[in-house]
Amino acid sequence: PAAPIASQGSSAASADERPSIAVLPFENRSRLDDDVFFVDGIHDDILTQLSKVSALKVISRTSVEQFRGTKLPTKAIADQLGVKSILEGGVQRSGDRVRINVQLIDASTDAHLWAESYDRELTAADIFAIQSEVAVAIAGALKATLTSGEQSRIQVVPTQNLQAWQAYQLGNQRMAKRTSAGLADAERFFRRAVELDPGFALAYAGLAGTLVLQIGYSDRPSRSALADAGEAASRALELDANLAEAWAARGLIAKEAGNPTAEEDALRRAVALNPNYAPARHWLSMTLMYTDRFDEALAHAERAVQLDPLSGIVNNWLGVVLDGMGRQSEAARQYRKVIEIDPSMPIAYLNLASLYAYSLNRFDLAVPTMERAIALDPGDPSLPCVLALLKLELGAEAEATRLVTEALKRWPDQAIVNSIAAAVFNVLGDGAVAERHARRAVSINVRYASDAIEVLRNADLLRMNYGPALARYESAYPELFGPSPTVHLSNLSEAVGVALVLQRMGELERAADLVDRAERVLRSLPHGLPAYFGFLGARIHALRGDVGAALGALRGAEQAGVRLGWRYARDIDPVFDSIRDEPGFKVIFADIERDMVRQRAELVKRPKDAPLDLAIGN
């Protein structure tokens, strides 16, 4: 594999001077296929034990897996992973005995720093004892001091049941792919592990994590998933209150439940308990970015990549952070890096398609890239809906209708499917159908129904029925209400929507306060990110009644290539009712429409079998 791309500018990420180690996949020396998962499980647990030592930098399993069976020299592997030492090993299982051989190598000199062989009875207790001994010995060889808490955690025996342990390992492997099918497989393995050993805390943590991830990656109903995930995470923490994986899962649950304070607290605790646990840093980075703390988000995203440099998931998130900071060229390179690491990972194509469309105004490239994502994970309900929105922007109305109609047939109980369908039918002029799907989306999960909230709000405004519109916003975004509303990246557009309702209700001071807060956040965003908010700046000026400023902002957005939601803005958005008949308004959107007609023609001319152009955006 190629060396991972390192982004520039984060001193926090580059300041990690701890002794560093990568544990390469162990060799299966019994040569029996049935022993492969057993050997991988021992490797994974030794790596996990080492990751508990905060004085060490330990590369995550996803990255070292890339070097299974490699013939590369030790130094070349170490250079790609950014470490100074390598642990190699082999496992042989024979009857009721197991032999494990390990050796620690200085990557710069190829010298052996430490080696040991273990020949024990094949029991869970003996296997975990070996793993603990290895971790302590390696820490000593690398002059890394264990705290008393780490010494205690390393001695913990997570399960006495070998079958439960193997099921847990299989669950972890399936979970790493982040596809709908892989997460469903992971859930089955984790459930099997806790059935075999109801006291297996790690398996409960894995189950909690995969249940929450299914909300976004598959058609798992959010309410039942959150309830089951919360129960599993609580059980994990009852069994082990210092389990970083369980705290990280609790952070994900809080995120989906709309509790940002609990989300951040849980993820920070996970990072403190295990600084080498890359998923916790990845998820904490998400929390920080969506609350406008970009520099800290970048530092944790880069540290996650250092810990797991060949993980598609953490590299993809680094791309999202860079994209959010207006560093689109670096983001595009990062997404392409993910595709190099794993060409079958759909989320990288999804994010690259969004960058093409909304940062670079290249819908002709975004559509085929999005189609590739769908082909890679046809079980993800969000992907065809995103493609439908791209088609809608291009004016391909029949295709947009077909995509959402098929998605509704396949996933009738998904909030995001109903919400995006409502948005599409709304723009196409079928208000009754749009309202029906919008109400369905809100009833399923109001936090995944931002488009639906907007569709219903507009209908309520026409009926001068303001109470329900405001109540929906408060249910989904309670932080926008109260004496001191909190406006940030993840509720910025909604803050302006609430202000519109308040203004129509005659609560002008509250409306003006929200508009001012939204404008401050919008102005503070890194250069390039406002493109993802479409015409929000113009909306703010229009709400204030400043026609000239609103038209100027619209023209600036048009010239910058902003196209997100242009048809809704032109034809429907009630914020623009006061300026929709202005000649300047009509000219701006006529120019946008001509551009989209041109791009649609380019897309039609593109051969169906043409390869994706992944070089755009350098």
# chains A, B, ... in the order shown; residues from 1 in each chain; ligands from 1
$ residues_around --residues "Glu509 in chain A" --least-positions-apart "5" --cutoff "12 Å" --atoms "only C-alpha atoms" --output "MDAnalysis selection string"
chainID A and resid 483 499:500 502:504 514:516 544
$ residues_around --residues "range 207-223 of chain A" --least-positions-apart "2" --cutoff "7 Å" --atoms "only C-alpha atoms" --output "mmCIF file with N, CA, C and O atoms, in the first residue's frame"
data_model
loop_
_atom_site.group_PDB
_atom_site.id
_atom_site.type_symbol
_atom_site.label_atom_id
_atom_site.label_comp_id
_atom_site.auth_asym_id
_atom_site.auth_seq_id
_atom_site.Cartn_x
_atom_site.Cartn_y
_atom_site.Cartn_z
ATOM 1 N N MET A 175 -17.465 -5.098 11.429
ATOM 2 C CA MET A 175 -17.843 -3.718 11.755
ATOM 3 C C MET A 175 -16.945 -2.712 11.049
ATOM 4 O O MET A 175 -17.381 -1.607 10.704
ATOM 5 N N THR A 179 -20.346 -1.037 5.986
ATOM 6 C CA THR A 179 -21.406 -1.225 5.008
ATOM 7 C C THR A 179 -22.625 -1.755 5.758
ATOM 8 O O THR A 179 -22.512 -2.280 6.869
ATOM 9 N N SER A 180 -23.789 -1.650 5.137
ATOM 10 C CA SER A 180 -25.002 -2.115 5.798
ATOM 11 C C SER A 180 -24.926 -3.608 6.088
ATOM 12 O O SER A 180 -25.298 -4.066 7.179
ATOM 13 N N LEU A 183 -22.288 -4.385 8.958
ATOM 14 C CA LEU A 183 -22.769 -4.031 10.293
ATOM 15 C C LEU A 183 -23.822 -5.024 10.781
ATOM 16 O O LEU A 183 -23.883 -5.344 11.977
ATOM 17 N N ALA A 186 -21.891 -7.953 11.925
ATOM 18 C CA ALA A 186 -21.235 -7.646 13.202
ATOM 19 C C ALA A 186 -22.213 -7.778 14.358
ATOM 20 O O ALA A 186 -21.883 -8.335 15.415
ATOM 21 N N GLU A 187 -23.433 -7.269 14.177
ATOM 22 C CA GLU A 187 -24.429 -7.382 15.237
ATOM 23 C C GLU A 187 -24.680 -8.834 15.603
ATOM 24 O O GLU A 187 -24.754 -9.188 16.798
ATOM 25 N N PHE A 190 -21.668 -10.161 17.642
ATOM 26 C CA PHE A 190 -21.620 -9.608 19.002
ATOM 27 C C PHE A 190 -22.737 -10.205 19.873
ATOM 28 O O PHE A 190 -22.522 -10.488 21.052
ATOM 29 N N ARG A 191 -23.918 -10.384 19.299
ATOM 30 C CA ARG A 191 -25.006 -10.997 20.063
ATOM 31 C C ARG A 191 -24.647 -12.439 20.433
ATOM 32 O O ARG A 191 -24.974 -12.913 21.533
ATOM 33 N N ALA A 203 -17.787 -7.264 24.308
ATOM 34 C CA ALA A 203 -18.786 -7.661 23.317
ATOM 35 C C ALA A 203 -20.033 -6.789 23.408
ATOM 36 O O ALA A 203 -20.625 -6.425 22.386
ATOM 37 N N TYR A 204 -20.441 -6.419 24.622
ATOM 38 C CA TYR A 204 -21.568 -5.493 24.775
ATOM 39 C C TYR A 204 -21.224 -4.127 24.159
ATOM 40 O O TYR A 204 -22.072 -3.494 23.524
ATOM 41 N N ALA A 205 -19.991 -3.672 24.367
ATOM 42 C CA ALA A 205 -19.576 -2.389 23.787
ATOM 43 C C ALA A 205 -19.601 -2.456 22.262
ATOM 44 O O ALA A 205 -20.050 -1.518 21.586
ATOM 45 N N ALA A 225 -33.009 0.900 17.725
ATOM 46 C CA ALA A 225 -31.546 0.775 17.733
ATOM 47 C C ALA A 225 -30.943 1.522 18.904
ATOM 48 O O ALA A 225 -30.047 1.014 19.597
ATOM 49 N N LEU A 226 -31.428 2.740 19.154
ATOM 50 C CA LEU A 226 -30.899 3.519 20.279
ATOM 51 C C LEU A 226 -31.223 2.872 21.617
ATOM 52 O O LEU A 226 -30.382 2.846 22.524
ATOM 53 N N ALA A 227 -32.423 2.342 21.731
ATOM 54 C CA ALA A 227 -32.799 1.688 22.988
ATOM 55 C C ALA A 227 -31.918 0.474 23.242
ATOM 56 O O ALA A 227 -31.396 0.278 24.352
ATOM 57 N N ALA A 229 -28.980 -0.171 21.892
ATOM 58 C CA ALA A 229 -27.586 0.251 22.051
ATOM 59 C C ALA A 229 -27.342 0.801 23.449
ATOM 60 O O ALA A 229 -26.309 0.518 24.077
ATOM 61 N N GLY A 230 -28.275 1.601 23.944
ATOM 62 C CA GLY A 230 -28.123 2.150 25.290
ATOM 63 C C GLY A 230 -28.072 1.063 26.338
ATOM 64 O O GLY A 230 -27.262 1.122 27.285
ATOM 65 N N ALA A 232 -27.048 -2.049 25.847
ATOM 66 C CA ALA A 232 -25.783 -2.769 25.712
ATOM 67 C C ALA A 232 -24.618 -1.965 26.290
ATOM 68 O O ALA A 232 -23.749 -2.519 26.978
ATOM 69 N N ALA A 233 -24.588 -0.652 26.025
ATOM 70 C CA ALA A 233 -23.502 0.177 26.560
ATOM 71 C C ALA A 233 -23.559 0.230 28.082
ATOM 72 O O ALA A 233 -22.520 0.170 28.759
ATOM 73 N N ALA A 249 -18.926 4.172 22.673
ATOM 74 C CA ALA A 249 -20.261 3.811 22.197
ATOM 75 C C ALA A 249 -21.324 4.687 22.840
ATOM 76 O O ALA A 249 -22.270 5.132 22.184
ATOM 77 N N LEU A 252 -21.512 7.900 20.987
ATOM 78 C CA LEU A 252 -22.272 7.789 19.741
ATOM 79 C C LEU A 252 -23.774 7.790 20.015
ATOM 80 O O LEU A 252 -24.554 8.404 19.283
ATOM 81 N N ILE A 253 -24.177 7.097 21.059
ATOM 82 C CA ILE A 253 -25.598 7.041 21.409
ATOM 83 C C ILE A 253 -26.111 8.443 21.753
ATOM 84 O O ILE A 253 -27.189 8.855 21.306
ATOM 85 N N GLY A 379 -27.452 -1.342 0.002
ATOM 86 C CA GLY A 379 -28.311 -1.432 1.172
ATOM 87 C C GLY A 379 -28.365 -0.168 2.010
ATOM 88 O O GLY A 379 -29.085 -0.134 3.011
ATOM 89 N N ASP A 380 -27.628 0.868 1.628
ATOM 90 C CA ASP A 380 -27.637 2.125 2.373
ATOM 91 C C ASP A 380 -28.746 3.019 1.821
ATOM 92 O O ASP A 380 -28.672 3.473 0.680
ATOM 93 N N PRO A 381 -29.786 3.305 2.609
ATOM 94 C CA PRO A 381 -30.930 4.061 2.084
ATOM 95 C C PRO A 381 -30.623 5.507 1.759
ATOM 96 O O PRO A 381 -31.357 6.134 0.987
ATOM 97 N N TRP A 411 -37.553 1.340 1.517
ATOM 98 C CA TRP A 411 -37.312 1.750 2.908
ATOM 99 C C TRP A 411 -38.428 2.698 3.379
ATOM 100 O O TRP A 411 -38.179 3.868 3.663
ATOM 101 N N GLN A 414 -37.830 4.712 6.841
ATOM 102 C CA GLN A 414 -36.601 5.464 7.094
ATOM 103 C C GLN A 414 -36.880 6.957 7.061
ATOM 104 O O GLN A 414 -37.430 7.484 6.076
#
$ select_by_dssp --residues "range 277-521 of chain A" --states "alpha helix (DSSP H)" --output "count of residues only"
183
$ atom_distance --atom1 "CA of Ala373 in chain A" --atom2 "CA of Pro346 in chain A"
4.4 Å
$ atom_distance --atom1 "CA of Val83 in chain A" --atom2 "CA of Gln306 in chain A"
9.5 Å
$ closest_residue --among "A:Leu603, A:Glu88, A:Glu65, A:Ala550" --to "Asp364 in chain A" --atoms "only C-alpha atoms"
A:Leu603
$ atom_distance --atom1 "CA of Ile341 in chain A" --atom2 "CA of Lys71 in chain A"
18.1 Å
$ residues_around --residues "range 145-158 of chain A" --least-positions-apart "3" --cutoff "10 Å" --atoms "only C-alpha atoms" --output "VMD selection string"
chain A and resid 46 48 to 56 124 to 129 131 to 133 135 to 136 139 to 140 142 161 165 197 199 to 203 239 to 240 242 to 243 273 to 274
$ residues_around --residues "Gln169 in chain A" --least-positions-apart "4" --cutoff "8 Å" --atoms "only C-alpha atoms" --output "MDAnalysis selection string"
chainID A and resid 37 40:41 44 165 173
$ closest_residue --among "A:Lys75, A:His488, A:Arg555, A:Arg268" --to "Leu522 in chain A" --atoms "only C-alpha atoms"
A:His488
$ select_by_dssp --residues "range 64-144 of chain A" --states "strand (DSSP E or B)" --output "ChimeraX atom specification"
/A:85-94,97-106,111-121
$ write_last_selection --atoms "N, CA and C atoms" --output "compact mmCIF listing (two decimals), in the first residue's frame"
# COMPACT_ATOMS: atom_id res chain seq x y z
N SER A 85 9.28 0.68 15.80
CA SER A 85 9.46 -0.74 16.11
C SER A 85 8.29 -1.55 15.59
N ILE A 86 8.58 -2.83 15.31
CA ILE A 86 7.60 -3.75 14.75
C ILE A 86 7.57 -5.01 15.60
N LEU A 87 6.36 -5.49 15.89
CA LEU A 87 6.21 -6.78 16.58
C LEU A 87 5.69 -7.79 15.57
N GLU A 88 6.42 -8.89 15.43
CA GLU A 88 6.00 -9.99 14.57
C GLU A 88 5.70 -11.19 15.44
N GLY A 89 4.90 -12.11 14.93
CA GLY A 89 4.61 -13.29 15.72
C GLY A 89 3.97 -14.40 14.92
N GLY A 90 3.86 -15.55 15.54
CA GLY A 90 3.20 -16.70 14.94
C GLY A 90 2.49 -17.49 16.01
N VAL A 91 1.41 -18.16 15.60
CA VAL A 91 0.61 -18.94 16.54
C VAL A 91 0.39 -20.33 15.96
N GLN A 92 0.56 -21.34 16.82
CA GLN A 92 0.29 -22.72 16.41
C GLN A 92 -0.64 -23.34 17.45
N ARG A 93 -1.80 -23.81 16.97
CA ARG A 93 -2.74 -24.49 17.85
C ARG A 93 -2.70 -25.97 17.52
N SER A 94 -2.56 -26.80 18.55
CA SER A 94 -2.49 -28.24 18.36
C SER A 94 -3.22 -28.90 19.51
N ARG A 97 -3.35 -27.49 23.18
CA ARG A 97 -2.18 -26.66 23.45
C ARG A 97 -2.10 -25.53 22.42
N VAL A 98 -1.47 -24.44 22.83
CA VAL A 98 -1.22 -23.33 21.91
C VAL A 98 0.20 -22.83 22.13
N ARG A 99 0.90 -22.55 21.05
CA ARG A 99 2.25 -21.99 21.13
C ARG A 99 2.25 -20.64 20.42
N ILE A 100 2.75 -19.64 21.09
CA ILE A 100 2.83 -18.28 20.52
C ILE A 100 4.27 -17.82 20.59
N ASN A 101 4.81 -17.42 19.43
CA ASN A 101 6.17 -16.86 19.35
C ASN A 101 6.07 -15.41 18.92
N VAL A 102 6.76 -14.51 19.61
CA VAL A 102 6.75 -13.09 19.27
C VAL A 102 8.16 -12.53 19.34
N GLN A 103 8.40 -11.53 18.49
CA GLN A 103 9.71 -10.86 18.50
C GLN A 103 9.53 -9.38 18.17
N LEU A 104 10.21 -8.57 18.91
CA LEU A 104 10.16 -7.11 18.75
C LEU A 104 11.40 -6.66 17.99
N ILE A 105 11.20 -5.89 16.93
CA ILE A 105 12.29 -5.52 16.04
C ILE A 105 12.42 -4.01 15.97
N ASP A 106 13.66 -3.52 16.05
CA ASP A 106 13.97 -2.11 15.80
C ASP A 106 13.96 -1.91 14.29
N ALA A 111 17.38 -4.94 14.25
CA ALA A 111 17.86 -5.69 15.41
C ALA A 111 16.69 -6.17 16.25
N HIS A 112 16.84 -7.35 16.88
CA HIS A 112 15.82 -7.88 17.76
C HIS A 112 15.97 -7.26 19.14
N LEU A 113 14.92 -6.57 19.59
CA LEU A 113 14.96 -5.94 20.90
C LEU A 113 14.50 -6.90 22.00
N TRP A 114 13.66 -7.85 21.62
CA TRP A 114 13.09 -8.78 22.60
C TRP A 114 12.38 -9.89 21.85
N ALA A 115 12.40 -11.10 22.40
CA ALA A 115 11.68 -12.22 21.80
C ALA A 115 11.29 -13.20 22.90
N GLU A 116 10.20 -13.93 22.67
CA GLU A 116 9.75 -14.90 23.67
C GLU A 116 8.85 -15.92 23.01
N SER A 117 8.83 -17.12 23.57
CA SER A 117 7.92 -18.18 23.14
C SER A 117 7.08 -18.60 24.34
N TYR A 118 5.78 -18.86 24.05
CA TYR A 118 4.85 -19.27 25.11
C TYR A 118 4.19 -20.57 24.67
N ASP A 119 4.24 -21.56 25.52
CA ASP A 119 3.61 -22.85 25.24
C ASP A 119 2.67 -23.15 26.40
N ARG A 120 1.36 -23.04 26.15
CA ARG A 120 0.40 -23.14 27.25
C ARG A 120 -0.79 -24.03 26.85
N GLU A 121 -1.57 -24.37 27.87
CA GLU A 121 -2.82 -25.06 27.64
C GLU A 121 -3.80 -24.10 26.96
$ closest_residue --among "A:Pro378, A:Leu508, A:Glu302, A:Glu397" --to "Arg410 in chain A" --atoms "only C-alpha atoms"
A:Pro378
$ closest_residue --among "A:Glu195, A:Val496, A:Thr261, A:Leu525" --to "Asp323 in chain A" --atoms "only C-alpha atoms"
A:Leu525
$ residues_around --residues "Ala495 in chain A" --least-positions-apart "2" --cutoff "8 Å" --atoms "only C-alpha atoms" --output "VMD selection string"
chain A and resid 480 487 491 to 493 497 to 499 514 to 515 518
$ write_last_selection --atoms "all heavy atoms" --output "compact mmCIF listing (two decimals), in the first residue's frame"
# COMPACT_ATOMS: atom_id res chain seq x y z
N LEU A 480 -31.72 25.86 20.22
CA LEU A 480 -32.05 27.13 19.58
C LEU A 480 -33.11 27.92 20.35
O LEU A 480 -33.47 29.02 19.93
CB LEU A 480 -32.54 26.89 18.14
CG LEU A 480 -31.50 26.34 17.16
CD1 LEU A 480 -32.14 26.05 15.82
CD2 LEU A 480 -30.34 27.31 17.00
N VAL A 487 -26.09 28.60 18.51
CA VAL A 487 -26.07 28.37 17.07
C VAL A 487 -24.67 27.90 16.68
O VAL A 487 -23.67 28.50 17.08
CB VAL A 487 -26.42 29.66 16.29
CG1 VAL A 487 -26.41 29.39 14.78
CG2 VAL A 487 -27.79 30.18 16.73
N ASN A 491 -26.63 23.37 13.25
CA ASN A 491 -28.01 23.87 13.29
C ASN A 491 -28.12 25.26 12.67
O ASN A 491 -29.09 25.97 12.92
CB ASN A 491 -28.55 23.89 14.73
CG ASN A 491 -27.80 24.86 15.64
OD1 ASN A 491 -27.06 25.73 15.17
ND2 ASN A 491 -27.97 24.72 16.94
N LEU A 492 -27.14 25.63 11.87
CA LEU A 492 -27.07 27.00 11.34
C LEU A 492 -28.26 27.32 10.44
O LEU A 492 -28.93 28.36 10.61
CB LEU A 492 -25.75 27.16 10.58
CG LEU A 492 -25.44 28.53 9.97
CD1 LEU A 492 -25.58 29.64 10.99
CD2 LEU A 492 -24.03 28.50 9.36
N SER A 493 -28.55 26.47 9.49
CA SER A 493 -29.69 26.72 8.59
C SER A 493 -31.00 26.73 9.37
O SER A 493 -31.91 27.54 9.10
CB SER A 493 -29.75 25.65 7.50
OG SER A 493 -28.62 25.75 6.65
N GLY A 497 -34.31 29.28 9.95
CA GLY A 497 -35.69 28.83 9.81
C GLY A 497 -36.54 29.20 11.01
O GLY A 497 -37.69 29.63 10.87
N VAL A 498 -36.00 29.02 12.20
CA VAL A 498 -36.72 29.42 13.41
C VAL A 498 -36.96 30.92 13.41
O VAL A 498 -38.05 31.40 13.77
CB VAL A 498 -35.94 28.99 14.67
CG1 VAL A 498 -36.61 29.54 15.93
CG2 VAL A 498 -35.83 27.47 14.76
N ALA A 499 -35.96 31.69 13.00
CA ALA A 499 -36.10 33.14 12.96
C ALA A 499 -37.22 33.56 12.03
O ALA A 499 -37.98 34.50 12.31
CB ALA A 499 -34.78 33.78 12.51
N LEU A 514 -31.65 35.64 16.74
CA LEU A 514 -31.22 34.41 16.08
C LEU A 514 -30.52 34.70 14.76
O LEU A 514 -29.52 34.06 14.41
CB LEU A 514 -32.42 33.50 15.83
CG LEU A 514 -32.75 32.47 16.93
CD1 LEU A 514 -33.98 31.68 16.54
CD2 LEU A 514 -31.57 31.54 17.17
N VAL A 515 -31.05 35.66 14.01
CA VAL A 515 -30.42 36.04 12.74
C VAL A 515 -29.00 36.56 12.99
O VAL A 515 -28.05 36.20 12.28
CB VAL A 515 -31.27 37.07 12.00
CG1 VAL A 515 -30.49 37.67 10.83
CG2 VAL A 515 -32.56 36.44 11.50
N ALA A 518 -26.75 33.64 13.86
CA ALA A 518 -26.46 32.84 12.68
C ALA A 518 -25.44 33.53 11.79
O ALA A 518 -24.52 32.89 11.26
CB ALA A 518 -27.75 32.57 11.90
$ closest_residue --among "A:Asp546, A:Asp45, A:Asp79, A:Glu264" --to "Thr159 in chain A" --atoms "only C-alpha atoms"
A:Asp45
$ residues_around --residues "Asp513 in chain A" --least-positions-apart "6" --cutoff "10 Å" --atoms "only C-alpha atoms" --output "list of chain:residue names"
A:Ser484, A:Pro485, A:Ala499, A:Glu519
$ write_last_selection --atoms "C-alpha atoms" --output "short mmCIF file (atom, residue, chain, number, x, y, z; two decimals), in the first residue's frame"
data_model
loop_
_atom_site.label_atom_id
_atom_site.label_comp_id
_atom_site.auth_asym_id
_atom_site.auth_seq_id
_atom_site.Cartn_x
_atom_site.Cartn_y
_atom_site.Cartn_z
CA SER A 484 -29.43 32.26 25.12
CA PRO A 485 -29.76 30.14 21.96
CA ALA A 499 -36.10 33.14 12.96
CA GLU A 519 -24.64 35.57 10.79
#
$ residues_around --residues "range 435-444 of chain A" --least-positions-apart "4" --cutoff "6 Å" --atoms "only C-alpha atoms" --output "list in words"
Ala415, Asn418, Ser419, Ala422, Ala449 and Ala452 of chain A
$ write_last_selection --atoms "C-alpha atoms" --output "CSV table (one decimal), in the first residue's frame"
chain,number,residue,atom,x,y,z
A,415,ALA,CA,-36.7,9.1,8.2
A,418,ASN,CA,-39.1,10.2,3.6
A,419,SER,CA,-37.5,13.6,4.4
A,422,ALA,CA,-40.6,15.3,0.7
A,449,ALA,CA,-35.8,15.1,9.0
A,452,ALA,CA,-39.2,17.5,6.2
$ closest_residue --among "A:Thr401, A:Ser311, A:Ser354, A:Ser20" --to "Pro368 in chain A" --atoms "only C-alpha atoms"
A:Ser354
$ decode --residues "range 429-436 of chain A" --atoms "all heavy atoms" --output "CSV table (one decimal), in the first residue's frame"
chain,number,residue,atom,x,y,z
A,429,GLY,N,-43.5,20.4,-7.1
A,429,GLY,CA,-44.8,21.0,-7.1
A,429,GLY,C,-45.9,20.1,-6.6
A,429,GLY,O,-47.1,20.5,-6.7
A,430,ASP,N,-45.6,19.0,-6.1
A,430,ASP,CA,-46.6,18.1,-5.5
A,430,ASP,C,-46.7,18.2,-4.0
A,430,ASP,O,-46.1,17.4,-3.3
A,430,ASP,CB,-46.3,16.6,-5.9
A,430,ASP,CG,-47.5,15.7,-5.8
A,430,ASP,OD1,-48.4,16.1,-5.0
A,430,ASP,OD2,-47.5,14.7,-6.4
A,431,GLY,N,-47.3,19.3,-3.6
A,431,GLY,CA,-47.3,19.7,-2.2
A,431,GLY,C,-47.9,18.7,-1.3
A,431,GLY,O,-47.5,18.4,-0.1
A,432,ALA,N,-49.0,18.0,-1.7
A,432,ALA,CA,-49.7,17.1,-0.8
A,432,ALA,C,-48.9,15.9,-0.6
A,432,ALA,O,-48.8,15.4,0.6
A,432,ALA,CB,-51.1,16.7,-1.5
A,433,VAL,N,-48.2,15.3,-1.6
A,433,VAL,CA,-47.3,14.2,-1.4
A,433,VAL,C,-46.1,14.6,-0.6
A,433,VAL,O,-45.7,13.8,0.3
A,433,VAL,CB,-46.9,13.6,-2.8
A,433,VAL,CG1,-45.9,12.5,-2.6
A,433,VAL,CG2,-48.1,13.1,-3.6
A,434,ALA,N,-45.6,15.8,-0.8
A,434,ALA,CA,-44.5,16.2,0.0
A,434,ALA,C,-44.8,16.3,1.5
A,434,ALA,O,-44.1,15.8,2.3
A,434,ALA,CB,-44.0,17.6,-0.5
A,435,GLU,N,-46.0,16.9,1.8
A,435,GLU,CA,-46.4,17.0,3.2
A,435,GLU,C,-46.6,15.6,3.8
A,435,GLU,O,-46.2,15.4,5.0
A,435,GLU,CB,-47.7,17.8,3.3
A,435,GLU,CG,-47.5,19.2,3.3
A,435,GLU,CD,-48.8,20.0,3.7
A,435,GLU,OE1,-49.2,19.7,4.9
A,435,GLU,OE2,-49.3,20.8,3.0
A,436,ARG,N,-47.2,14.6,3.0
A,436,ARG,CA,-47.4,13.3,3.6
A,436,ARG,C,-46.1,12.6,4.0
A,436,ARG,O,-46.0,12.1,5.1
A,436,ARG,CB,-48.1,12.4,2.6
A,436,ARG,CG,-48.5,11.1,3.2
A,436,ARG,CD,-49.4,10.3,2.2
A,436,ARG,NE,-48.7,9.7,1.1
A,436,ARG,CZ,-48.9,10.1,-0.2
A,436,ARG,NH1,-49.7,11.1,-0.5
A,436,ARG,NH2,-48.2,9.6,-1.2
